[in-house]
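What follows is a set of notes on a single structure, which appears directly below.
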Amino acid sequence: MCRLMAYKGTPIVIDKLLYQPKNSLVNQSIHAREIEEPLNGDGFGVGWYVPELNYEPITFVSVNPAWSNRNLRNLAPKIKTDCMIAHVRAASVGDVSENNCHPFQYKNMLMAHNGGIENFSKIKRAVREPLSDELYNWIKGQTDSEHIFAYMLNELFKNHQAVSPETVFDSFEITFRQMKKLMAAHGIQEPAYLNMVVTNGLFLVATRYCSDPKEEPLTLYHSEGSRYVVEDGNTRLEAPEDNDHAVLVVSERLTDDANWTMIPPNHFVIVEQTLNVRIRPIHD
């Protein structure tokens with residue numbers, strides 16, 4: 001069911017996030033700890049921002065497993081960013097192809113998803129029907145993830161003049177309500193698992209969500225502090241230097257220390273542009 005990671009904070013070399021922690025995202029691609037299926041080898045993707053060059057993110061995706069990709073291993077120690085999303089995929093809906101690799105990019109926004117909607121094909125046409133022509137034609141892959149992202153963006157641009165944490169989580173709530181209605185109307189009884197993270201490079205909004213409140217959503221943690229440091233596979237948050245600050249949102253804890261906080265079931269975690277962190281319920 002995939003694994004994801006998002007970072008916002010003091011610029012960091014992404015090797016320190018992707019490879020160096022004991023339970024790094026690359027390690028999770030071959031041996032995930034907190035999900036039934038340990039392998040996430042059906043591709044990967046990384047999206048990151050370089051705002052001094054362009055407001056749109058850079059994305060690098062591949063159908064190769066993250067653990068064996070030479071290009072990713074070579075690039076990671078040479079990329080520095082203040083905001084990134086990374087994802088390793090265990091394919092459920094959609095072929096193993098680059099069009100189905102996360103994160104998905106729409107203009108200056110990125111989204112990655114951990115989870116899925118069972119029998120998504122039953123509601124796929126209904127999900128696509130209300131989309132604007134631009135968003136309808138923007139979809140290139142087959143995944144439920146990309147379609148849900150397009151639906152959320154459609155609600156965002158239809159109902160709001162500006163993109164902010166508040167307008168994004170409002171659009172998520174509308175989207176989750178509509179997914180539940182469509183699932184009920186088409187006889188899908190299995191719960192939907194929708195752990196999703198969206199960023200525009202300025203803020204992050206992530207969800208830990210299951211459509212059935214009786215079921216436990218997939219794991220999602222956050223960690224925040226002054227400065228993110230990795231030594232010998234161990235991470236720690238050190239005292240600030242020059243106003244350093246960092247926040248991580250992850251499917252699995254990168255290390256076994258106590259710096260990780262589980263997001264409550266059916267809640268948002270919002271990382272503001274100021275790096276202030278808020279947790280609020282999802283009203284679906």
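The chains in the structure tokens are called A, B, ... from first to last as shown; in each chain the residues are counted from 1, and the ligands are counted from 1 in the order shown.
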
task: Would you please extract all helix (DSSP H, G or I) residues from segment 67-195 of chain A, as assigned by DSSP on the backbone, and give them as a ChimeraX atom specification?
output: /A:67-68,70-78,98-100,120-122,124-128,133-138,144-159,165-185

Kindly provide the residues of segment 164-278 of chain A that approach segment 49-53 of chain A to within 10 Å, each paired with its closest atom pair and their distance in Å to one decimal, based on only C-alpha atoms, listed by chain and increasing number, as a Markdown table.
```
| residue | atom | partner | partner_atom | distance |
| --- | --- | --- | --- | --- |
| A:Asn200 | CA | A:Tyr49 | CA | 8.9 |
| A:Gly201 | CA | A:Tyr49 | CA | 6.2 |
| A:Leu202 | CA | A:Tyr49 | CA | 9.5 |
```

Would you write out those residues with N, CA and C atoms, as a PDB file, in the first residue's frame?
```
ATOM      1  N   ASN A 200       2.359  22.987  -1.824  1.00  0.00           N
ATOM      2  CA  ASN A 200       2.673  23.911  -2.919  1.00  0.00           C
ATOM      3  C   ASN A 200       4.074  24.493  -2.739  1.00  0.00           C
ATOM      4  N   GLY A 201       4.857  23.868  -1.879  1.00  0.00           N
ATOM      5  CA  GLY A 201       6.199  24.349  -1.589  1.00  0.00           C
ATOM      6  C   GLY A 201       6.247  25.325  -0.439  1.00  0.00           C
ATOM      7  N   LEU A 202       5.092  25.866  -0.060  1.00  0.00           N
ATOM      8  CA  LEU A 202       5.023  26.836   1.029  1.00  0.00           C
ATOM      9  C   LEU A 202       4.469  26.212   2.304  1.00  0.00           C
TER      10      LEU A 202
END
```

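Closest to Ser24 of chain A among A:Lys158, A:Glu37, A:Val63, A:Leu4 is A:Leu4, based on only C-alpha atoms.
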
Straight-line distance linking atom CA of Ala86 of chain A with atom CA of Gly45 of chain A, stated in Å to one decimal: 5.7 Å

Contacts of Cys101 of chain A within 12 Å, only C-alpha atoms, excl. fewer than 4 positions in-chain, as an mmCIF file with N, CA and C atoms, in the first residue's frame:
```cif
data_model
loop_
_atom_site.group_PDB
_atom_site.id
_atom_site.type_symbol
_atom_site.label_atom_id
_atom_site.label_comp_id
_atom_site.auth_asym_id
_atom_site.auth_seq_id
_atom_site.Cartn_x
_atom_site.Cartn_y
_atom_site.Cartn_z
ATOM 1 N N CYS A 2 2.120 1.161 -0.331
ATOM 2 C CA CYS A 2 2.974 2.336 -0.514
ATOM 3 C C CYS A 2 3.434 2.932 0.817
ATOM 4 N N LEU A 4 5.115 6.943 2.176
ATOM 5 C CA LEU A 4 5.371 8.316 1.753
ATOM 6 C C LEU A 4 6.125 9.080 2.826
ATOM 7 N N ASN A 40 7.710 -2.489 -1.441
ATOM 8 C CA ASN A 40 7.156 -1.362 -2.188
ATOM 9 C C ASN A 40 8.092 -1.110 -3.369
ATOM 10 N N GLY A 41 8.117 -2.084 -4.289
ATOM 11 C CA GLY A 41 9.105 -2.089 -5.355
ATOM 12 C C GLY A 41 8.572 -1.765 -6.735
ATOM 13 N N ASP A 42 7.340 -1.213 -6.809
ATOM 14 C CA ASP A 42 6.722 -0.938 -8.102
ATOM 15 C C ASP A 42 6.938 0.500 -8.558
ATOM 16 N N GLY A 43 8.109 1.025 -8.236
ATOM 17 C CA GLY A 43 8.435 2.388 -8.639
ATOM 18 C C GLY A 43 8.534 3.322 -7.448
ATOM 19 N N PHE A 44 9.034 4.513 -7.718
ATOM 20 C CA PHE A 44 9.192 5.533 -6.689
ATOM 21 C C PHE A 44 9.118 6.898 -7.347
ATOM 22 N N GLY A 45 9.065 7.914 -6.521
ATOM 23 C CA GLY A 45 9.117 9.278 -7.026
ATOM 24 C C GLY A 45 9.558 10.237 -5.948
ATOM 25 N N VAL A 46 10.198 11.306 -6.372
ATOM 26 C CA VAL A 46 10.614 12.388 -5.484
ATOM 27 C C VAL A 46 10.245 13.705 -6.159
ATOM 28 N N GLY A 47 9.652 14.593 -5.403
ATOM 29 C CA GLY A 47 9.375 15.948 -5.888
ATOM 30 C C GLY A 47 9.930 16.948 -4.902
ATOM 31 N N THR A 59 10.270 16.982 -10.440
ATOM 32 C CA THR A 59 9.868 15.626 -10.096
ATOM 33 C C THR A 59 10.759 14.623 -10.826
ATOM 34 N N PHE A 60 11.082 13.553 -10.133
ATOM 35 C CA PHE A 60 11.856 12.451 -10.687
ATOM 36 C C PHE A 60 11.149 11.174 -10.286
ATOM 37 N N VAL A 61 10.624 10.435 -11.274
ATOM 38 C CA VAL A 61 9.924 9.182 -11.001
ATOM 39 C C VAL A 61 10.532 8.073 -11.844
ATOM 40 N N SER A 62 10.364 6.842 -11.377
ATOM 41 C CA SER A 62 10.883 5.686 -12.096
ATOM 42 C C SER A 62 10.079 4.463 -11.711
ATOM 43 N N VAL A 63 9.963 3.515 -12.642
ATOM 44 C CA VAL A 63 9.289 2.249 -12.331
ATOM 45 C C VAL A 63 10.244 1.257 -11.677
ATOM 46 N N ASN A 64 11.522 1.590 -11.617
ATOM 47 C CA ASN A 64 12.487 0.716 -10.944
ATOM 48 C C ASN A 64 12.305 0.793 -9.432
ATOM 49 N N PRO A 65 12.656 -0.254 -8.705
ATOM 50 C CA PRO A 65 12.609 -0.174 -7.245
ATOM 51 C C PRO A 65 13.583 0.878 -6.731
ATOM 52 N N ALA A 66 13.178 1.577 -5.702
ATOM 53 C CA ALA A 66 14.043 2.626 -5.149
ATOM 54 C C ALA A 66 15.350 2.061 -4.630
ATOM 55 N N ALA A 86 8.365 12.460 -1.099
ATOM 56 C CA ALA A 86 8.904 11.250 -1.711
ATOM 57 C C ALA A 86 7.951 10.088 -1.447
ATOM 58 N N HIS A 87 8.001 9.067 -2.313
ATOM 59 C CA HIS A 87 7.013 7.993 -2.267
ATOM 60 C C HIS A 87 7.620 6.730 -2.868
ATOM 61 N N VAL A 88 7.349 5.586 -2.264
ATOM 62 C CA VAL A 88 7.672 4.290 -2.855
ATOM 63 C C VAL A 88 6.359 3.527 -3.013
ATOM 64 N N ARG A 89 6.214 2.827 -4.151
ATOM 65 C CA ARG A 89 4.902 2.331 -4.563
ATOM 66 C C ARG A 89 4.810 0.811 -4.494
ATOM 67 N N ALA A 90 3.694 0.346 -3.947
ATOM 68 C CA ALA A 90 3.235 -1.027 -4.100
ATOM 69 C C ALA A 90 1.947 -0.947 -4.906
ATOM 70 N N ALA A 91 2.001 -1.325 -6.176
ATOM 71 C CA ALA A 91 0.900 -1.076 -7.103
ATOM 72 C C ALA A 91 -0.358 -1.828 -6.681
ATOM 73 N N SER A 92 -1.482 -1.118 -6.673
ATOM 74 C CA SER A 92 -2.786 -1.736 -6.452
ATOM 75 C C SER A 92 -3.689 -1.393 -7.631
ATOM 76 N N VAL A 93 -4.022 -0.110 -7.781
ATOM 77 C CA VAL A 93 -4.803 0.340 -8.930
ATOM 78 C C VAL A 93 -3.850 0.904 -9.974
ATOM 79 N N GLY A 94 -3.867 0.338 -11.173
ATOM 80 C CA GLY A 94 -3.038 0.873 -12.247
ATOM 81 C C GLY A 94 -1.775 0.065 -12.484
ATOM 82 N N ASP A 95 -1.300 0.133 -13.729
ATOM 83 C CA ASP A 95 -0.110 -0.600 -14.136
ATOM 84 C C ASP A 95 1.131 -0.035 -13.454
ATOM 85 N N VAL A 96 2.233 -0.784 -13.571
ATOM 86 C CA VAL A 96 3.537 -0.282 -13.154
ATOM 87 C C VAL A 96 4.076 0.555 -14.311
ATOM 88 N N SER A 97 3.875 1.860 -14.217
ATOM 89 C CA SER A 97 4.298 2.784 -15.268
ATOM 90 C C SER A 97 4.624 4.126 -14.630
ATOM 91 N N GLN A 105 2.063 15.814 -9.923
ATOM 92 C CA GLN A 105 2.296 17.258 -9.973
ATOM 93 C C GLN A 105 1.244 17.939 -10.826
ATOM 94 N N MET A 111 1.285 15.915 -4.806
ATOM 95 C CA MET A 111 0.488 15.068 -3.930
ATOM 96 C C MET A 111 1.004 13.638 -3.979
ATOM 97 N N ALA A 112 1.081 12.990 -2.813
ATOM 98 C CA ALA A 112 1.362 11.561 -2.721
ATOM 99 C C ALA A 112 0.313 10.920 -1.827
ATOM 100 N N HIS A 113 0.085 9.618 -2.044
ATOM 101 C CA HIS A 113 -1.019 8.913 -1.385
ATOM 102 C C HIS A 113 -0.538 7.546 -0.915
ATOM 103 N N ASN A 114 -0.973 7.173 0.264
ATOM 104 C CA ASN A 114 -0.772 5.836 0.822
ATOM 105 C C ASN A 114 -2.150 5.276 1.139
ATOM 106 N N LYS A 140 -3.139 11.593 -16.447
ATOM 107 C CA LYS A 140 -2.407 10.777 -17.417
ATOM 108 C C LYS A 140 -2.366 9.298 -17.028
ATOM 109 N N GLY A 141 -2.570 8.987 -15.756
ATOM 110 C CA GLY A 141 -2.442 7.620 -15.289
ATOM 111 C C GLY A 141 -3.781 6.977 -14.973
ATOM 112 N N GLN A 142 -3.711 5.841 -14.298
ATOM 113 C CA GLN A 142 -4.900 5.027 -14.015
ATOM 114 C C GLN A 142 -5.258 4.981 -12.540
ATOM 115 N N THR A 143 -4.437 5.540 -11.670
ATOM 116 C CA THR A 143 -4.601 5.304 -10.244
ATOM 117 C C THR A 143 -5.784 6.044 -9.643
ATOM 118 N N ASP A 144 -6.330 5.447 -8.586
ATOM 119 C CA ASP A 144 -7.316 6.164 -7.785
ATOM 120 C C ASP A 144 -6.700 7.429 -7.198
ATOM 121 N N SER A 145 -5.416 7.352 -6.846
ATOM 122 C CA SER A 145 -4.722 8.485 -6.218
ATOM 123 C C SER A 145 -4.779 9.740 -7.081
ATOM 124 N N GLU A 146 -4.401 9.614 -8.343
ATOM 125 C CA GLU A 146 -4.379 10.777 -9.239
ATOM 126 C C GLU A 146 -5.782 11.319 -9.461
#
```

Near Met84 of chain A, within 10 Å and counting only C-alpha atoms, which residues show up once chain neighbours fewer than 5 positions away are dropped, as a JSON list (two decimals) with N, CA and C atoms, in the first residue's frame?
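Listing of part-v2.json after writing:
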```
[["chain", "number", "residue", "atom", "x", "y", "z"],
["A", 5, "MET", "N", 6.68, 10.21, 2.40],
["A", 5, "MET", "CA", 7.40, 11.09, 3.31],
["A", 5, "MET", "C", 7.32, 12.51, 2.76],
["A", 6, "ALA", "N", 7.15, 13.48, 3.66],
["A", 6, "ALA", "CA", 7.16, 14.89, 3.28],
["A", 6, "ALA", "C", 8.02, 15.66, 4.27],
["A", 7, "TYR", "N", 8.74, 16.64, 3.76],
["A", 7, "TYR", "CA", 9.63, 17.47, 4.58],
["A", 7, "TYR", "C", 9.41, 18.92, 4.26],
["A", 8, "LYS", "N", 9.39, 19.76, 5.30],
["A", 8, "LYS", "CA", 9.36, 21.22, 5.16],
["A", 8, "LYS", "C", 10.23, 21.79, 6.25],
["A", 9, "GLY", "N", 11.19, 22.66, 5.86],
["A", 9, "GLY", "CA", 12.04, 23.24, 6.89],
["A", 9, "GLY", "C", 13.31, 23.83, 6.33],
["A", 11, "PRO", "N", 16.66, 24.15, 4.57],
["A", 11, "PRO", "CA", 17.13, 23.34, 3.44],
["A", 11, "PRO", "C", 18.03, 22.19, 3.88],
["A", 12, "ILE", "N", 17.78, 21.02, 3.30],
["A", 12, "ILE", "CA", 18.48, 19.81, 3.69],
["A", 12, "ILE", "C", 18.87, 19.02, 2.44],
["A", 14, "ILE", "N", 18.82, 15.81, 0.42],
["A", 14, "ILE", "CA", 17.77, 14.80, 0.54],
["A", 14, "ILE", "C", 18.30, 13.40, 0.82],
["A", 17, "LEU", "N", 17.41, 12.21, 4.17],
["A", 17, "LEU", "CA", 16.06, 11.73, 4.39],
["A", 17, "LEU", "C", 15.80, 10.40, 3.70],
["A", 46, "VAL", "N", 10.20, 11.31, -6.37],
["A", 46, "VAL", "CA", 10.61, 12.39, -5.48],
["A", 46, "VAL", "C", 10.25, 13.71, -6.16],
["A", 47, "GLY", "N", 9.65, 14.59, -5.40],
["A", 47, "GLY", "CA", 9.37, 15.95, -5.89],
["A", 47, "GLY", "C", 9.93, 16.95, -4.90],
["A", 48, "TRP", "N", 10.62, 17.97, -5.41],
["A", 48, "TRP", "CA", 11.23, 18.95, -4.52],
["A", 48, "TRP", "C", 11.20, 20.33, -5.17],
["A", 49, "TYR", "N", 11.41, 21.36, -4.35],
["A", 49, "TYR", "CA", 11.28, 22.75, -4.79],
["A", 49, "TYR", "C", 12.63, 23.45, -4.72],
["A", 50, "VAL", "N", 12.86, 24.28, -5.73],
["A", 50, "VAL", "CA", 14.02, 25.18, -5.76],
["A", 50, "VAL", "C", 13.46, 26.57, -6.07],
["A", 57, "PRO", "N", 7.67, 22.61, -8.80],
["A", 57, "PRO", "CA", 8.64, 21.63, -8.30],
["A", 57, "PRO", "C", 9.31, 20.85, -9.42],
["A", 58, "ILE", "N", 10.39, 20.20, -9.06],
["A", 58, "ILE", "CA", 11.06, 19.23, -9.92],
["A", 58, "ILE", "C", 10.58, 17.85, -9.49],
["A", 59, "THR", "N", 10.27, 16.98, -10.44],
["A", 59, "THR", "CA", 9.87, 15.63, -10.10],
["A", 59, "THR", "C", 10.76, 14.62, -10.83],
["A", 103, "PRO", "N", 5.20, 11.32, -6.56],
["A", 103, "PRO", "CA", 4.09, 12.26, -6.37],
["A", 103, "PRO", "C", 3.55, 12.76, -7.71],
["A", 110, "LEU", "N", 2.11, 19.35, -5.43],
["A", 110, "LEU", "CA", 2.47, 17.94, -5.42],
["A", 110, "LEU", "C", 1.54, 17.19, -4.47],
["A", 199, "THR", "N", 1.34, 19.61, -1.08],
["A", 199, "THR", "CA", 2.11, 20.83, -0.81],
["A", 199, "THR", "C", 2.17, 21.69, -2.05],
["A", 200, "ASN", "N", 2.36, 22.99, -1.82],
["A", 200, "ASN", "CA", 2.67, 23.91, -2.92],
["A", 200, "ASN", "C", 4.07, 24.49, -2.74],
["A", 201, "GLY", "N", 4.86, 23.87, -1.88],
["A", 201, "GLY", "CA", 6.20, 24.35, -1.59],
["A", 201, "GLY", "C", 6.25, 25.33, -0.44],
["A", 204, "LEU", "N", 2.32, 22.39, 3.96],
["A", 204, "LEU", "CA", 1.91, 21.00, 3.77],
["A", 204, "LEU", "C", 0.56, 20.78, 4.42],
["A", 248, "LEU", "N", 8.77, 16.83, 9.62],
["A", 248, "LEU", "CA", 8.64, 15.65, 8.78],
["A", 248, "LEU", "C", 7.27, 15.02, 8.99]]
```

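Considering the residues A:Ile174, A:Met183, A:Ile270, A:Ile282 and counting only C-alpha atoms, Ser121 of chain A has its shortest atom-to-atom contact with A:Met183.
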
Residues near Leu75 of chain A, cut-off 12 Å, only C-alpha atoms, skip fewer than 3 positions along chain, as a list of chain:residue names: A:Val13, A:Ile14, A:Asp15, A:Leu18, A:Tyr19, A:Val46, A:Phe60, A:Asn69, A:Arg70, A:Asn71, A:Leu72, A:Lys78, A:Ile79, A:Lys80

File dump, residues just selected, C-alpha atoms, as a PDB file, in the first residue's frame:
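Result went into again_35.pdb, see below:
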```
ATOM      1  CA  VAL A  13      20.376  17.417   1.413  1.00  0.00           C
ATOM      2  CA  ILE A  14      17.768  14.798   0.536  1.00  0.00           C
ATOM      3  CA  ASP A  15      20.179  11.897   1.022  1.00  0.00           C
ATOM      4  CA  LEU A  18      15.985   9.080   1.667  1.00  0.00           C
ATOM      5  CA  TYR A  19      18.984   6.918   2.594  1.00  0.00           C
ATOM      6  CA  VAL A  46      10.614  12.388  -5.484  1.00  0.00           C
ATOM      7  CA  PHE A  60      11.856  12.451 -10.687  1.00  0.00           C
ATOM      8  CA  ASN A  69      18.063   2.832  -8.660  1.00  0.00           C
ATOM      9  CA  ARG A  70      21.554   4.096  -9.425  1.00  0.00           C
ATOM     10  CA  ASN A  71      20.354   7.504 -10.579  1.00  0.00           C
ATOM     11  CA  LEU A  72      18.501   8.195  -7.323  1.00  0.00           C
ATOM     12  CA  LYS A  78      23.609  16.506  -4.528  1.00  0.00           C
ATOM     13  CA  ILE A  79      20.087  17.912  -4.082  1.00  0.00           C
ATOM     14  CA  LYS A  80      19.225  20.412  -1.359  1.00  0.00           C
TER      15      LYS A  80
END
```

Would you kindly return, as a PDB file with N, CA and C atoms, in the first residue's frame, each protein, DNA or RNA residue with an atom no farther than 7 Å from any atom of Pro191 of chain A, considering only C-alpha atoms and excluding same-chain residues fewer than 6 positions away?
```pdb
ATOM      1  N   CYS A 210      -9.558   7.017   7.228  1.00  0.00           N
ATOM      2  CA  CYS A 210     -10.250   5.831   6.752  1.00  0.00           C
ATOM      3  C   CYS A 210     -11.742   6.149   6.712  1.00  0.00           C
ATOM      4  N   SER A 211     -12.416   5.758   5.625  1.00  0.00           N
ATOM      5  CA  SER A 211     -13.826   6.115   5.456  1.00  0.00           C
ATOM      6  C   SER A 211     -14.738   5.428   6.464  1.00  0.00           C
ATOM      7  N   ASP A 212     -14.274   4.337   7.057  1.00  0.00           N
ATOM      8  CA  ASP A 212     -15.038   3.656   8.101  1.00  0.00           C
ATOM      9  C   ASP A 212     -14.429   4.019   9.448  1.00  0.00           C
TER      10      ASP A 212
END
```
